[in-house]
>>> print(open('query.txt').read())   # compact mmCIF, C-alpha atoms
# COMPACT_ATOMS: atom_id res chain seq x y z
CA MET A 1 104.00 113.16 112.80
CA LYS A 2 101.47 111.00 114.61
CA PHE A 3 98.50 109.31 113.00
CA LEU A 4 95.94 106.61 113.80
CA HIS A 5 95.88 103.55 111.55
CA VAL A 6 92.35 102.13 111.63
CA GLY A 7 91.44 98.87 109.92
CA ASP A 8 88.24 97.41 108.50
CA MET A 9 85.09 99.10 109.82
CA HIS A 10 82.31 97.26 107.92
CA LEU A 11 79.72 99.85 108.86
CA GLY A 12 76.20 98.43 108.68
CA LYS A 13 77.29 94.84 109.29
CA THR A 14 74.84 92.30 110.72
CA VAL A 15 76.12 89.28 112.67
CA CYS A 16 73.74 86.37 113.33
CA GLY A 17 70.77 88.67 112.87
CA PHE A 18 72.07 91.42 115.15
CA SER A 19 72.76 94.84 113.66
CA MET A 20 76.15 96.10 114.79
CA ILE A 21 75.36 99.77 114.07
CA THR A 22 75.07 100.93 117.70
CA ASP A 23 78.23 99.02 118.61
CA GLN A 24 80.01 100.68 115.68
CA GLU A 25 78.77 104.09 116.79
CA VAL A 26 80.30 103.55 120.23
CA ILE A 27 83.62 102.29 118.88
CA LEU A 28 83.93 105.15 116.36
CA GLN A 29 83.38 107.61 119.19
CA GLU A 30 86.22 105.92 121.09
CA ILE A 31 88.46 106.14 118.02
CA PHE A 32 87.62 109.83 117.67
CA GLU A 33 88.49 110.41 121.35
CA MET A 34 91.77 108.52 120.84
CA ALA A 35 92.63 110.81 117.93
CA LYS A 36 92.00 113.92 120.03
CA ASP A 37 93.71 112.64 123.19
CA ASN A 38 96.85 111.61 121.28
CA GLU A 39 96.87 114.85 119.24
CA VAL A 40 97.29 113.01 115.95
CA GLN A 41 97.77 114.85 112.68
CA ALA A 42 95.70 112.35 110.67
CA VAL A 43 93.30 109.42 110.91
CA VAL A 44 93.89 106.73 108.26
CA ILE A 45 91.28 104.07 107.42
CA SER A 46 92.51 101.13 105.33
CA GLY A 47 89.37 100.11 103.47
CA ASP A 48 86.12 98.18 103.94
CA ILE A 49 84.46 101.32 105.17
CA TYR A 50 81.06 99.72 104.61
CA ASP A 51 80.05 96.08 104.83
CA ARG A 52 78.12 96.14 101.55
CA SER A 53 78.57 97.84 98.20
CA VAL A 54 75.11 99.38 98.69
CA PRO A 55 75.29 100.51 102.34
CA SER A 56 72.27 100.98 104.55
CA GLU A 57 70.99 104.45 105.40
CA GLU A 58 72.13 103.94 109.00
CA ALA A 59 75.66 103.08 107.86
CA VAL A 60 75.89 106.16 105.63
CA LYS A 61 74.65 108.40 108.47
CA LEU A 62 77.19 106.90 110.86
CA LEU A 63 80.08 107.53 108.48
CA ASP A 64 78.82 111.05 107.83
CA SER A 65 78.71 111.72 111.58
CA PHE A 66 82.24 110.37 112.09
CA ILE A 67 83.64 112.42 109.20
CA GLY A 68 81.96 115.52 110.62
CA LYS A 69 83.46 115.02 114.09
CA VAL A 70 86.97 114.45 112.75
CA GLN A 71 86.69 117.39 110.38
CA ASN A 72 85.36 119.75 113.08
CA ALA A 73 88.30 118.76 115.28
CA GLY A 74 90.65 119.88 112.49
CA ILE A 75 92.10 116.39 111.97
CA PRO A 76 92.68 115.29 108.35
CA LEU A 77 91.02 112.01 107.42
CA LEU A 78 92.39 109.65 104.77
CA MET A 79 90.57 106.53 103.61
CA ILE A 80 90.50 104.05 100.75
CA SER A 81 87.97 101.59 99.43
CA GLY A 82 88.07 97.89 100.30
CA ASN A 83 86.68 94.87 98.52
CA HIS A 84 83.35 95.31 100.34
CA ASP A 85 82.95 98.92 99.20
CA SER A 86 81.55 100.33 95.98
CA ASP A 87 84.46 102.33 94.60
CA GLU A 88 82.14 104.67 92.70
CA ARG A 89 79.93 105.41 95.70
CA LEU A 90 82.89 105.99 97.99
CA GLN A 91 84.55 108.21 95.39
CA PHE A 92 81.48 110.45 95.05
CA GLY A 93 82.15 113.97 96.33
CA SER A 94 85.82 113.24 97.05
CA ALA A 95 87.04 116.39 95.28
CA LEU A 96 84.75 118.50 97.46
CA PHE A 97 85.73 116.63 100.62
CA GLU A 98 89.41 117.13 99.87
CA ARG A 99 89.07 120.88 100.41
CA SER A 100 88.00 120.11 103.97
CA GLY A 101 90.88 117.75 104.73
CA VAL A 102 88.98 114.53 103.93
CA HIS A 103 90.93 112.50 101.36
CA ILE A 104 89.13 109.53 99.79
CA ALA A 105 90.60 107.13 97.22
CA GLY A 106 87.67 104.99 96.15
CA ARG A 107 88.36 104.19 92.51
CA TYR A 108 91.65 103.04 90.98
CA ASP A 109 92.41 105.01 87.81
CA GLY A 110 95.99 103.89 87.22
CA ASN A 111 97.54 106.43 89.56
CA ILE A 112 98.02 106.43 93.32
CA PRO A 113 96.92 109.70 94.96
CA ARG A 114 99.48 111.32 97.26
CA VAL A 115 98.69 113.49 100.27
CA ARG A 116 101.62 115.43 101.72
CA PHE A 117 102.09 116.64 105.29
CA GLN A 118 104.95 118.60 106.81
CA ASP A 119 106.46 118.43 110.28
CA GLU A 120 109.76 119.35 111.94
CA PHE A 121 111.52 116.47 110.14
CA GLY A 122 110.25 117.35 106.66
CA ALA A 123 107.66 115.80 104.38
CA VAL A 124 105.41 112.82 105.11
CA ASP A 125 103.67 111.46 101.99
CA PHE A 126 100.60 109.23 102.23
CA HIS A 127 99.96 107.12 99.12
CA LEU A 128 96.36 105.89 98.83
CA LEU A 129 95.91 102.64 96.91
CA PRO A 130 92.27 101.48 96.88
CA PHE A 131 91.45 97.79 96.58
CA VAL A 132 92.43 96.55 93.12
CA LYS A 133 92.23 93.31 91.20
CA MET A 134 94.69 92.18 88.57
CA SER A 135 92.18 93.05 85.84
CA HIS A 136 91.95 96.65 87.11
CA VAL A 137 95.70 97.15 86.77
CA GLN A 138 95.81 95.40 83.38
CA HIS A 139 93.09 97.72 82.12
CA GLN A 140 94.92 100.85 83.25
CA HIS A 141 98.42 99.69 82.24
CA PRO A 142 97.99 97.37 79.22
CA ASP A 143 101.62 97.74 78.11
CA ASP A 144 103.11 96.56 81.42
CA ASP A 145 104.15 92.96 82.03
CA ILE A 146 101.43 91.61 84.32
CA LYS A 147 101.40 87.84 84.70
CA ASP A 148 99.62 87.39 88.04
CA TYR A 149 98.19 89.24 91.00
CA ALA A 150 101.56 89.90 92.66
CA SER A 151 103.03 91.41 89.49
CA ALA A 152 99.88 93.53 89.09
CA ILE A 153 100.33 95.04 92.54
CA ARG A 154 104.02 95.70 91.85
CA VAL A 155 103.09 97.47 88.62
CA ALA A 156 100.49 99.57 90.44
CA LEU A 157 103.05 100.53 93.11
CA SER A 158 105.58 101.50 90.44
CA TYR A 159 103.32 104.43 89.52
CA ALA A 160 103.42 105.90 93.04
CA ASP A 161 104.92 109.40 93.14
CA LEU A 162 107.73 108.50 95.53
CA ASP A 163 110.06 111.09 97.02
CA PRO A 164 112.98 109.08 98.46
CA ASN A 165 113.84 111.90 100.85
CA ALA A 166 110.35 111.99 102.35
CA ARG A 167 108.84 109.51 104.78
CA ASN A 168 106.42 107.49 102.70
CA VAL A 169 103.28 105.76 103.99
CA MET A 170 101.36 103.31 101.82
CA VAL A 171 97.67 102.78 102.62
CA ALA A 172 96.41 99.60 100.93
CA HIS A 173 93.65 97.02 101.16
CA GLN A 174 95.21 93.85 99.78
CA PHE A 175 96.08 90.33 100.92
CA VAL A 176 99.73 90.82 101.84
CA THR A 177 101.80 87.90 103.12
CA GLY A 178 105.01 87.46 105.08
CA LYS A 179 106.91 84.18 105.31
CA GLY A 180 103.47 82.61 105.38
CA ASP A 181 99.91 83.83 105.09
CA PRO A 182 98.62 86.21 107.76
CA GLU A 183 96.48 84.79 110.55
CA LEU A 184 92.82 85.16 109.64
CA ASP A 185 89.89 85.70 111.97
CA GLY A 186 87.25 84.06 109.82
CA SER A 187 85.08 87.03 108.88
CA GLU A 188 87.26 88.15 105.97
CA VAL A 189 86.27 87.61 102.35
CA LEU A 190 89.47 86.91 100.44
CA PRO A 191 89.90 87.84 96.77
CA ILE A 192 89.89 84.70 94.64
CA SER A 193 91.22 84.28 91.11
CA ILE A 194 90.77 80.97 89.27
CA GLY A 195 90.45 79.06 92.54
CA THR A 196 93.47 80.58 94.28
CA VAL A 197 93.75 83.42 96.78
CA GLU A 198 95.22 86.57 95.28
CA LYS A 199 98.22 87.55 97.39
CA VAL A 200 101.40 89.62 97.24
CA GLY A 201 104.54 89.44 99.39
CA TRP A 202 105.31 92.27 101.80
CA GLU A 203 108.62 92.91 100.01
CA ALA A 204 106.65 94.69 97.27
CA PHE A 205 106.26 97.55 99.75
CA ASP A 206 109.96 97.90 100.64
CA ALA A 207 110.09 101.51 99.43
CA PHE A 208 107.58 102.64 102.07
CA ASP A 209 108.46 103.59 105.63
CA TYR A 210 105.12 102.39 106.96
CA VAL A 211 102.46 100.22 105.29
CA ALA A 212 98.94 100.69 106.68
CA LEU A 213 97.07 97.56 105.59
CA GLY A 214 93.42 96.63 105.64
CA HIS A 215 91.58 93.43 104.67
CA VAL A 216 92.70 90.97 107.37
CA HIS A 217 90.69 91.29 110.59
CA ARG A 218 93.31 90.13 113.08
CA PRO A 219 95.84 92.86 114.04
CA GLN A 220 99.39 91.76 113.22
CA ARG A 221 102.72 92.67 111.66
CA ILE A 222 103.59 91.30 108.24
CA GLY A 223 107.25 90.79 107.37
CA ARG A 224 108.44 93.76 109.46
CA ASP A 225 107.13 95.89 112.31
CA THR A 226 106.29 98.79 110.02
CA CYS A 227 104.05 96.72 107.71
CA ARG A 228 100.83 96.06 109.59
CA TYR A 229 97.20 95.07 109.55
CA ALA A 230 95.32 97.15 112.11
CA GLY A 231 92.51 94.58 112.13
CA SER A 232 88.75 95.16 112.22
CA ILE A 233 87.31 97.59 114.75
CA LEU A 234 84.93 94.97 116.20
CA LYS A 235 84.57 91.20 116.39
CA TYR A 236 82.44 90.02 113.49
CA ALA A 237 82.52 86.22 113.80
CA ARG A 238 82.59 83.45 116.40
CA SER A 239 86.18 82.70 115.45
CA GLU A 240 87.14 86.18 116.72
CA VAL A 241 85.97 85.79 120.33
CA ARG A 242 89.55 85.55 121.60
CA THR A 243 90.99 88.31 119.38
CA ALA A 244 91.62 91.65 121.08
CA LYS A 245 90.73 94.50 118.73
CA SER A 246 92.82 97.66 118.49
CA VAL A 247 94.04 100.52 116.34
CA CYS A 248 97.65 101.52 115.70
CA LEU A 249 99.10 104.81 116.90
CA VAL A 250 102.01 105.52 114.54
CA ASP A 251 104.59 108.16 115.46
CA MET A 252 106.91 108.97 112.54
CA LYS A 253 109.98 110.86 113.65
CA GLU A 254 113.04 111.29 111.42
CA LYS A 255 113.25 108.91 108.45
CA GLY A 256 113.84 105.37 109.64
CA ASN A 257 112.47 106.06 113.12
CA VAL A 258 108.87 104.86 113.50
CA GLU A 259 107.23 104.08 116.83
CA ILE A 260 104.04 101.96 116.84
CA THR A 261 101.65 101.55 119.77
CA ARG A 262 98.57 99.33 119.70
CA LEU A 263 95.66 101.07 121.43
CA PRO A 264 93.02 98.58 122.64
CA LEU A 265 89.38 99.15 121.72
CA HIS A 266 86.55 98.72 124.22
CA PRO A 267 83.27 97.61 122.61
CA LYS A 268 79.83 98.34 123.97
CA ARG A 269 79.25 94.58 123.99
CA ASP A 270 82.02 92.00 123.75
CA MET A 271 81.62 88.72 121.89
CA LYS A 272 82.13 85.61 124.03
CA GLU A 273 81.72 81.85 123.97
CA VAL A 274 80.19 80.09 126.99
CA ARG A 275 80.34 76.34 127.51
CA GLY A 276 78.65 74.00 129.97
CA THR A 277 75.59 71.96 130.74
CA MET A 278 72.21 73.59 130.23
CA GLU A 279 71.88 74.02 133.98
CA MET A 280 75.28 75.74 134.21
CA LEU A 281 74.50 78.06 131.30
CA LEU A 282 71.14 79.07 132.76
CA HIS A 283 72.86 80.05 136.03
CA PRO A 284 76.16 81.72 135.02
CA ALA A 285 78.67 82.45 137.76
CA ASP A 286 79.25 85.88 136.22
CA PRO A 287 75.95 87.72 135.60
CA GLU A 288 77.86 90.32 133.54
CA LEU A 289 78.11 87.76 130.74
CA ALA A 290 74.53 88.56 129.82
CA ARG A 291 75.45 91.98 128.44
CA ASN A 292 77.68 90.44 125.73
CA TYR A 293 77.05 88.73 122.41
CA ILE A 294 77.06 85.04 123.23
CA PHE A 295 77.84 81.83 121.39
CA ALA A 296 76.66 79.02 123.66
CA VAL A 297 77.99 75.46 123.61
CA ILE A 298 75.64 73.09 125.45
CA GLN A 299 77.34 70.00 126.84
CA GLY A 300 75.23 66.89 127.18
CA GLU A 301 73.95 63.78 125.51
CA GLU A 302 70.48 64.83 124.48
CA LEU A 303 69.18 67.76 122.47
CA ILE A 304 66.95 70.00 124.59
CA SER A 305 63.68 71.26 123.17
CA GLY A 306 63.43 75.07 123.16
CA ALA A 307 67.01 75.49 124.34
CA ALA A 308 67.52 78.71 122.37
CA ASP A 309 64.43 80.35 123.88
CA SER A 310 65.43 79.35 127.41
CA LEU A 311 68.98 80.64 126.98
CA ARG A 312 67.77 83.86 125.39
CA GLU A 313 65.98 84.70 128.63
CA VAL A 314 69.40 84.77 130.29
CA TYR A 315 71.45 86.00 127.35
CA PRO A 316 69.40 88.53 125.32
CA TYR A 317 72.23 88.82 122.78
CA LEU A 318 72.49 85.08 122.13
CA MET A 319 73.92 84.63 118.64
CA ASN A 320 73.99 80.88 118.22
CA ILE A 321 73.95 77.57 120.09
CA THR A 322 75.73 74.31 119.38
CA TRP A 323 75.85 70.96 121.16
CA GLU A 324 78.91 69.17 122.46
CA SER A 325 78.66 65.53 123.48
CA THR A 326 80.31 64.61 126.77
CA ARG A 327 81.06 61.17 125.40
CA GLN A 328 82.25 60.28 121.94
CA LYS A 329 79.77 58.24 119.92
CA SER A 330 81.21 55.92 117.31
CA THR A 331 80.63 56.77 113.68
CA SER A 332 78.88 53.43 113.14
CA GLU A 333 76.48 54.18 116.04
CA ILE A 334 75.57 57.57 114.57
CA ILE A 335 75.08 56.11 111.09
CA SER A 336 72.92 53.26 112.36
CA ARG A 337 70.68 55.60 114.38
CA THR A 338 70.16 58.11 111.57
CA ALA A 339 69.82 55.52 108.81
CA GLU A 340 66.61 54.25 110.41
CA ARG A 341 64.93 57.64 110.01
CA SER A 342 63.85 59.60 106.94
CA PHE A 343 65.24 62.98 105.96
CA ASP A 344 61.96 64.68 106.89
CA GLU A 345 61.87 62.97 110.29
CA LEU A 346 65.41 64.16 111.07
CA ILE A 347 64.63 67.74 110.06
CA TYR A 348 61.35 67.83 112.00
CA ASP A 349 63.07 66.42 115.08
CA PHE A 350 65.87 68.98 114.80
CA TYR A 351 63.41 71.89 114.54
CA ARG A 352 61.33 70.67 117.50
CA ARG A 353 64.34 70.15 119.76
CA VAL A 354 66.30 73.27 118.84
CA LEU A 355 63.61 75.81 117.96
CA GLY A 356 60.63 74.37 119.78
CA GLU A 357 58.50 74.40 116.63
CA GLU A 358 58.01 72.52 113.39
CA PRO A 359 59.46 73.77 110.08
CA LYS A 360 57.19 75.49 107.59
CA GLU A 361 56.44 73.64 104.38
CA GLU A 362 58.28 76.23 102.27
CA GLU A 363 61.35 75.68 104.46
CA MET A 364 61.08 71.94 103.94
CA VAL A 365 60.87 72.42 100.17
CA LEU A 366 64.11 74.42 100.23
CA LEU A 367 65.84 71.93 102.54
CA ARG A 368 64.79 68.95 100.40
CA HIS A 369 66.07 70.72 97.28
CA ALA A 370 69.41 71.47 98.96
CA ALA A 371 69.71 67.87 100.15
CA GLU A 372 69.01 66.58 96.65
CA GLU A 373 71.63 68.91 95.16
CA ALA A 374 74.16 67.66 97.73
CA GLY A 375 73.28 64.02 97.03
CA VAL A 376 72.02 63.43 100.60
CA ILE A 377 68.65 62.24 99.33
CA MET A 378 67.62 60.97 95.90
>>> encode(input="query.txt", output="structure tokens")
Amino acid sequence: MKFLHVGDMHLGKTVCGFSMITDQEVILQEIFEMAKDNEVQAVVISGDIYDRSVPSEEAVKLLDSFIGKVQNAGIPLLMISGNHDSDERLQFGSALFERSGVHIAGRYDGNIPRVRFQDEFGAVDFHLLPFVKMSHVQHQHPDDDIKDYASAIRVALSYADLDPNARNVMVAHQFVTGKGDPELDGSEVLPISIGTVEKVGWEAFDAFDYVALGHVHRPQRIGRDTCRYAGSILKYARSEVRTAKSVCLVDMKEKGNVEITRLPLHPKRDMKEVRGTMEMLLHPADPELARNYIFAVIQGEELISGAADSLREVYPYLMNITWESTRQKSTSEIISRTAERSFDELIYDFYRRVLGEEPKEEEMVLLRHAAEEAGVIM
């Protein structure tokens, strides 16, 4: 049996003021084409379907369109909620969808839904565990010994309807670790409990032949080849500019024989970082750069007034600019130069140089309040 393992989608996400909805529409079409071209028997999405618990109308329409395409192609679709999703909203209509081959596990009720497929090697069982916190498991299983997050996940997994003779696939949206923590891409929001990240070791999933994980945005194996994060479908932060996005094509043959192929994704617009002097950035050697989302690093000694507006004429999808000094100033030099100027003077100068305008008074009120809270000014 072949299926696509798709990671975090975050439909409706906005990055640096840019809506990603058209980019997501393009990438979902590519994923749909991959499913058809590879003749998969299922598409599996490991949580964070939406970027917000109350998704935008555009995001809901996009998911509806994708579900319709997959359903019309006769391909079963399985998905779970992530920490960004509203479990209740995602769960709505799931019983009706199930009759059409769309299986949604949005809300954790103490059990783990199982979806069974058959092929020439026998049964393949998909176990759908939506995102859970320790308190969710404690509420559903008050008599079990739950001391921390890891023990909570192990208790939840103990209620899976496991057939040891079948090939078992776990679909989960949790922070699962190997020998160390997985590599993060920076746009994840990790579950926190009393100041510590909630995590569970990959060994908790030993009973499963393949573990389709969501939550971490960088594609990678965890502990073993058959325990994987597919990663997010698009780049959602500056820290991801060098991360190649993909989905996993999983081919389950006889029990113990699993082949995994990473299929690269091709976004409508890539996300890139450009670096150089203002003159170099305004005259890029590769004009094709302009079609991408851009984080610009301006090298030089002086801030340039209206730099963002000038660069935006070349890069219409400019996300952010930062400055990089070509010579290292001493800390004492920086302190002495800034100490001579008031907080308001520094803010006004920053606005004029970077944005080409002065801050509004309501913005100054907020900035002064934030500076007072941080102890920068008294």
>>> atom_distance(input="query.txt", atom1="atom CA of A:Gln41", atom2="atom CA of A:Tyr108")
25.5 Å
>>> residues_around(input="query.txt", residues="A:Asp206", least_positions_apart="4", cutoff="12 Å", atoms="all atoms listed in the file", output="ChimeraX atom specification")
/A:154,157-158,162,164,168-170,201-202,210-211,222-224,226-227
>>> closest_residue(input="query.txt", among="A:Ala166, A:Leu346, A:Ala123, A:Ala308", to="A:Phe208", atoms="all atoms listed in the file")
A:Ala166
>>> residues_around(input="query.txt", residues="A:Leu213", least_positions_apart="4", cutoff="8 Å", atoms="all atoms listed in the file", output="MDAnalysis selection string")
chainID A and resid 7 46 171:174 227:230
>>> residues_around(input="query.txt", residues="A:Glu58", least_positions_apart="5", cutoff="12 Å", atoms="only C-alpha atoms", output="PyMOL selection string")
chain A and resi 11-13+19-22+24-25+50-51+63-65
>>> atom_distance(input="query.txt", atom1="atom CA of A:Glu33", atom2="atom CA of A:Asp48")
21.4 Å
>>> atom_distance(input="query.txt", atom1="atom CA of A:Leu184", atom2="atom CA of A:Met271")
17.0 Å
>>> residues_around(input="query.txt", residues="stretch 290-307 of chain A", least_positions_apart="2", cutoff="7 Å", atoms="only C-alpha atoms", output="PyMOL selection string")
chain A and resi 269-278+287-288+309-311+314-326+352-356
>>> residues_near_point(input="query.txt", point="(103.7, 115.7, 112.0)", cutoff="6 Å", atoms="all atoms listed in the file", output="count of residues only")
3
>>> build_atoms(input="query.txt", residues="stretch 177-187 of chain A", atoms="all heavy atoms", output="PDB file, in the coordinates of the input")
ATOM      1  N   THR A 177     101.274  89.015 102.338  1.00  0.00           N
ATOM      2  CA  THR A 177     101.800  87.900 103.120  1.00  0.00           C
ATOM      3  C   THR A 177     103.225  88.157 103.560  1.00  0.00           C
ATOM      4  O   THR A 177     103.961  88.952 102.960  1.00  0.00           O
ATOM      5  CB  THR A 177     101.759  86.601 102.297  1.00  0.00           C
ATOM      6  OG1 THR A 177     102.623  86.744 101.157  1.00  0.00           O
ATOM      7  CG2 THR A 177     100.354  86.305 101.819  1.00  0.00           C
ATOM      8  N   GLY A 178     103.622  87.453 104.623  1.00  0.00           N
ATOM      9  CA  GLY A 178     105.010  87.460 105.080  1.00  0.00           C
ATOM     10  C   GLY A 178     105.665  86.166 104.662  1.00  0.00           C
ATOM     11  O   GLY A 178     105.554  85.736 103.517  1.00  0.00           O
ATOM     12  N   LYS A 179     106.342  85.489 105.616  1.00  0.00           N
ATOM     13  CA  LYS A 179     106.910  84.180 105.310  1.00  0.00           C
ATOM     14  C   LYS A 179     105.788  83.176 105.020  1.00  0.00           C
ATOM     15  O   LYS A 179     105.974  82.217 104.276  1.00  0.00           O
ATOM     16  CB  LYS A 179     107.774  83.701 106.473  1.00  0.00           C
ATOM     17  CG  LYS A 179     109.069  84.489 106.624  1.00  0.00           C
ATOM     18  CD  LYS A 179     109.926  83.925 107.739  1.00  0.00           C
ATOM     19  CE  LYS A 179     111.238  84.683 107.856  1.00  0.00           C
ATOM     20  NZ  LYS A 179     112.096  84.174 108.959  1.00  0.00           N
ATOM     21  N   GLY A 180     104.668  83.396 105.646  1.00  0.00           N
ATOM     22  CA  GLY A 180     103.470  82.610 105.380  1.00  0.00           C
ATOM     23  C   GLY A 180     102.288  83.552 105.260  1.00  0.00           C
ATOM     24  O   GLY A 180     102.449  84.769 105.259  1.00  0.00           O
ATOM     25  N   ASP A 181     101.104  82.996 105.149  1.00  0.00           N
ATOM     26  CA  ASP A 181      99.910  83.830 105.090  1.00  0.00           C
ATOM     27  C   ASP A 181      99.628  84.449 106.446  1.00  0.00           C
ATOM     28  O   ASP A 181      99.959  83.861 107.491  1.00  0.00           O
ATOM     29  CB  ASP A 181      98.697  83.000 104.652  1.00  0.00           C
ATOM     30  CG  ASP A 181      98.772  82.582 103.189  1.00  0.00           C
ATOM     31  OD1 ASP A 181      99.634  83.131 102.473  1.00  0.00           O
ATOM     32  OD2 ASP A 181      97.991  81.721 102.783  1.00  0.00           O
ATOM     33  N   PRO A 182      98.996  85.625 106.469  1.00  0.00           N
ATOM     34  CA  PRO A 182      98.620  86.210 107.760  1.00  0.00           C
ATOM     35  C   PRO A 182      97.567  85.366 108.457  1.00  0.00           C
ATOM     36  O   PRO A 182      96.853  84.583 107.827  1.00  0.00           O
ATOM     37  CB  PRO A 182      98.066  87.588 107.366  1.00  0.00           C
ATOM     38  CG  PRO A 182      97.667  87.456 105.948  1.00  0.00           C
ATOM     39  CD  PRO A 182      98.613  86.474 105.336  1.00  0.00           C
ATOM     40  N   GLU A 183      97.490  85.508 109.783  1.00  0.00           N
ATOM     41  CA  GLU A 183      96.480  84.790 110.550  1.00  0.00           C
ATOM     42  C   GLU A 183      95.126  85.451 110.311  1.00  0.00           C
ATOM     43  O   GLU A 183      94.976  86.659 110.480  1.00  0.00           O
ATOM     44  CB  GLU A 183      96.812  84.821 112.031  1.00  0.00           C
ATOM     45  CG  GLU A 183      98.092  84.095 112.400  1.00  0.00           C
ATOM     46  CD  GLU A 183      98.348  84.128 113.893  1.00  0.00           C
ATOM     47  OE1 GLU A 183      97.547  83.543 114.649  1.00  0.00           O
ATOM     48  OE2 GLU A 183      99.327  84.767 114.304  1.00  0.00           O
ATOM     49  N   LEU A 184      94.147  84.649 109.933  1.00  0.00           N
ATOM     50  CA  LEU A 184      92.820  85.160 109.640  1.00  0.00           C
ATOM     51  C   LEU A 184      91.903  84.975 110.839  1.00  0.00           C
ATOM     52  O   LEU A 184      92.118  84.113 111.680  1.00  0.00           O
ATOM     53  CB  LEU A 184      92.236  84.462 108.421  1.00  0.00           C
ATOM     54  CG  LEU A 184      93.072  84.510 107.132  1.00  0.00           C
ATOM     55  CD1 LEU A 184      92.344  83.779 106.015  1.00  0.00           C
ATOM     56  CD2 LEU A 184      93.360  85.945 106.724  1.00  0.00           C
ATOM     57  N   ASP A 185      90.846  85.803 110.886  1.00  0.00           N
ATOM     58  CA  ASP A 185      89.890  85.700 111.970  1.00  0.00           C
ATOM     59  C   ASP A 185      88.583  85.058 111.537  1.00  0.00           C
ATOM     60  O   ASP A 185      87.704  84.814 112.348  1.00  0.00           O
ATOM     61  CB  ASP A 185      89.607  87.077 112.573  1.00  0.00           C
ATOM     62  CG  ASP A 185      90.403  87.310 113.848  1.00  0.00           C
ATOM     63  OD1 ASP A 185      90.836  86.319 114.455  1.00  0.00           O
ATOM     64  OD2 ASP A 185      90.591  88.473 114.238  1.00  0.00           O
ATOM     65  N   GLY A 186      88.419  84.807 110.256  1.00  0.00           N
ATOM     66  CA  GLY A 186      87.250  84.060 109.820  1.00  0.00           C
ATOM     67  C   GLY A 186      86.144  84.888 109.201  1.00  0.00           C
ATOM     68  O   GLY A 186      85.280  84.352 108.506  1.00  0.00           O
ATOM     69  N   SER A 187      86.144  86.204 109.451  1.00  0.00           N
ATOM     70  CA  SER A 187      85.080  87.030 108.880  1.00  0.00           C
ATOM     71  C   SER A 187      85.541  87.783 107.641  1.00  0.00           C
ATOM     72  O   SER A 187      84.799  88.585 107.085  1.00  0.00           O
ATOM     73  CB  SER A 187      84.551  88.020 109.926  1.00  0.00           C
ATOM     74  OG  SER A 187      85.599  88.819 110.455  1.00  0.00           O
TER      75      SER A 187
END
